[in-house]
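One structure is given here, and the rest of the page talks about it.
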Amino acid sequence: MKQLEMIPLTGLGRIRFGQTPAEIRKEMKAEAEVFEDWMGDNLNFALTYSGLLFGFDEFGRKGPSKTARLQEIHAFHRPGIRLFEKPLESWTRASLIDELTTQRLAWSSRPQLDVTIESIGVEVGFEDELACFVAIWEPSMVEQGVAVSRPWWQVW
């Protein structure tokens, strides 16, 4: 499986915030678009692939508009996702909090729930103390305070 680094405030691998749906489809050309239960309902704003959801700022009844711009990326149990240069699934809640403390990044967490790093628009969710979910948002959403506002399973 291809390794893809989640880059806070920037994107995923070669995919960057601000790209159009056509540009995302070109990058993801080797994969079919699919729906998975974790993605929730009413996905007109998104392009969805196995373990990945790309959210856009403009959409209609049939999906993101041609001029829409990428503004959020979510990954759930996606092999090959990396965060802070480590495989996502290798992070425990404690090891992530230690890393954030080392990097001097303010974080918040609720017992048995996600770890949120609001200043860089990142949210990490856990199952059985291992990371399984990560979401990142583009800088303007972080600045407006609309990112990382709910637990990962309630994003939609």
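Ligands are numbered from 1 in the order shown, chains are lettered A, B, ... in the order of the structure tokens, and residues start at 1 in each chain.
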
All strand (DSSP E) residues (DSSP, backbone) inside range 46-92 of chain A, as a PyMOL selection string: chain A and resi 46-49+52-56+59-60+63-64+70-76+81-83+86-87

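For the atom pair formed by CA of Leu47 in chain A and CA of His74 in chain A, the distance is 10.7 Å, given to one decimal.
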
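The closest residue to Leu52 in chain A, picked from A:Gly80, A:Pro139, A:Pro8, A:Gly121 and counting only C-alpha atoms, is A:Gly80.
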
Write out as a PDB file with N, CA and C atoms, in the first residue's frame each polymer residue whose atoms come within 8 Å of Phe17 in chain A, counting only C-alpha atoms; drop sequence neighbours fewer than 5 positions from it.
```pdb
ATOM      1  N   LEU A   9      -2.475  21.433   7.701  1.00  0.00           N
ATOM      2  CA  LEU A   9      -2.649  22.721   7.022  1.00  0.00           C
ATOM      3  C   LEU A   9      -2.238  22.679   5.549  1.00  0.00           C
ATOM      4  N   THR A  10      -1.883  21.503   5.023  1.00  0.00           N
ATOM      5  CA  THR A  10      -1.370  21.399   3.659  1.00  0.00           C
ATOM      6  C   THR A  10      -2.109  20.376   2.814  1.00  0.00           C
ATOM      7  N   GLY A  11      -2.184  19.120   3.268  1.00  0.00           N
ATOM      8  CA  GLY A  11      -2.852  18.102   2.478  1.00  0.00           C
ATOM      9  C   GLY A  11      -2.397  16.697   2.816  1.00  0.00           C
ATOM     10  N   ARG A  69     -13.279  23.602  -4.122  1.00  0.00           N
ATOM     11  CA  ARG A  69     -11.902  23.508  -3.642  1.00  0.00           C
ATOM     12  C   ARG A  69     -11.855  22.601  -2.417  1.00  0.00           C
ATOM     13  N   LEU A  70     -10.831  21.759  -2.373  1.00  0.00           N
ATOM     14  CA  LEU A  70     -10.638  20.835  -1.254  1.00  0.00           C
ATOM     15  C   LEU A  70     -10.393  21.613   0.030  1.00  0.00           C
ATOM     16  N   GLN A  71     -11.147  21.259   1.086  1.00  0.00           N
ATOM     17  CA  GLN A  71     -10.958  21.959   2.351  1.00  0.00           C
ATOM     18  C   GLN A  71     -10.820  21.036   3.563  1.00  0.00           C
ATOM     19  N   GLU A  72     -11.077  19.738   3.403  1.00  0.00           N
ATOM     20  CA  GLU A  72     -10.886  18.821   4.514  1.00  0.00           C
ATOM     21  C   GLU A  72     -10.594  17.420   4.004  1.00  0.00           C
ATOM     22  N   GLU A 138      -8.133  22.699   6.007  1.00  0.00           N
ATOM     23  CA  GLU A 138      -7.332  23.755   5.377  1.00  0.00           C
ATOM     24  C   GLU A 138      -7.250  24.973   6.302  1.00  0.00           C
TER      25      GLU A 138
END
```

Point out the residue among A:Cys132, A:Ala46, A:Met28, A:Ala75 with the least atom-to-atom distance to Glu5 in chain A, counting only C-alpha atoms.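 So, comparing all the options, the nearest one is A:Ala75.
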
Just the residues within 12 Å of range 107-109 of chain A, please, counting only C-alpha atoms, with nothing from its chain fewer than 4 positions along; format it as JSON, numbers by chain. {"A": [93, 94, 96, 97, 98, 99, 100, 101, 102, 103, 113, 114, 115, 116, 117, 118, 119, 120, 121, 122, 123, 124, 125, 126, 148, 149, 150, 151]}

Report, in Å to a single decimal, how far apart CA of Ala131 in chain A and CA of Val34 in chain A are.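 Computing it gives 22.4 Å between the two atoms.
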
Residue among A:Ile7, A:Phe133, A:Asn44, A:Gly55 lying closest to Arg78 in chain A, counting only C-alpha atoms: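 Of A:Ile7, A:Phe133, A:Asn44, A:Gly55, the one nearest Arg78 in chain A is A:Phe133, counting only C-alpha atoms.
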
Which of chain A end up as alpha helix (DSSP H) when DSSP is run on this backbone - answer as a ChimeraX atom specification? /A:21-27,93-102,139-144

For the selection you just gave me, I'd like the residues written to a file as a PDB file, in the first residue's frame, keeping C-alpha atoms.
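out.pdb written:
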```
ATOM      1  CA  PRO A  21     -12.423  17.499  -7.664  1.00  0.00           C
ATOM      2  CA  ALA A  22     -10.861  16.819 -11.089  1.00  0.00           C
ATOM      3  CA  GLU A  23      -7.369  17.225  -9.630  1.00  0.00           C
ATOM      4  CA  ILE A  24      -8.174  14.861  -6.746  1.00  0.00           C
ATOM      5  CA  ARG A  25      -9.633  12.268  -9.134  1.00  0.00           C
ATOM      6  CA  LYS A  26      -6.466  12.496 -11.239  1.00  0.00           C
ATOM      7  CA  GLU A  27      -4.292  11.820  -8.168  1.00  0.00           C
ATOM      8  CA  ARG A  93      -3.087   8.245  22.758  1.00  0.00           C
ATOM      9  CA  ALA A  94      -0.127   8.507  25.171  1.00  0.00           C
ATOM     10  CA  SER A  95       2.561   8.481  22.462  1.00  0.00           C
ATOM     11  CA  LEU A  96       0.704  11.127  20.427  1.00  0.00           C
ATOM     12  CA  ILE A  97       0.310  13.368  23.470  1.00  0.00           C
ATOM     13  CA  ASP A  98       4.037  12.927  24.227  1.00  0.00           C
ATOM     14  CA  GLU A  99       4.891  13.921  20.632  1.00  0.00           C
ATOM     15  CA  LEU A 100       2.615  16.967  20.762  1.00  0.00           C
ATOM     16  CA  THR A 101       4.179  18.023  24.049  1.00  0.00           C
ATOM     17  CA  THR A 102       7.666  17.627  22.530  1.00  0.00           C
ATOM     18  CA  PRO A 139      -5.938  26.887   7.062  1.00  0.00           C
ATOM     19  CA  SER A 140      -8.949  29.189   6.549  1.00  0.00           C
ATOM     20  CA  MET A 141     -11.264  26.677   8.263  1.00  0.00           C
ATOM     21  CA  VAL A 142      -8.843  26.468  11.175  1.00  0.00           C
ATOM     22  CA  GLU A 143      -8.625  30.278  11.399  1.00  0.00           C
ATOM     23  CA  GLN A 144     -12.431  30.547  11.382  1.00  0.00           C
TER      24      GLN A 144
END
```

Pick from A:Gly60, A:Thr92, A:Trp137, A:Gly51, whichever lies nearest to His77 in chain A using only C-alpha atoms: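 Closest residue, counting only C-alpha atoms: A:Gly51.
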
Looking at A:Thr20, A:Val134, A:Ile15, A:Glu33, which one is nearest to Phe84 in chain A, with distances taken over only C-alpha atoms? A:Val134
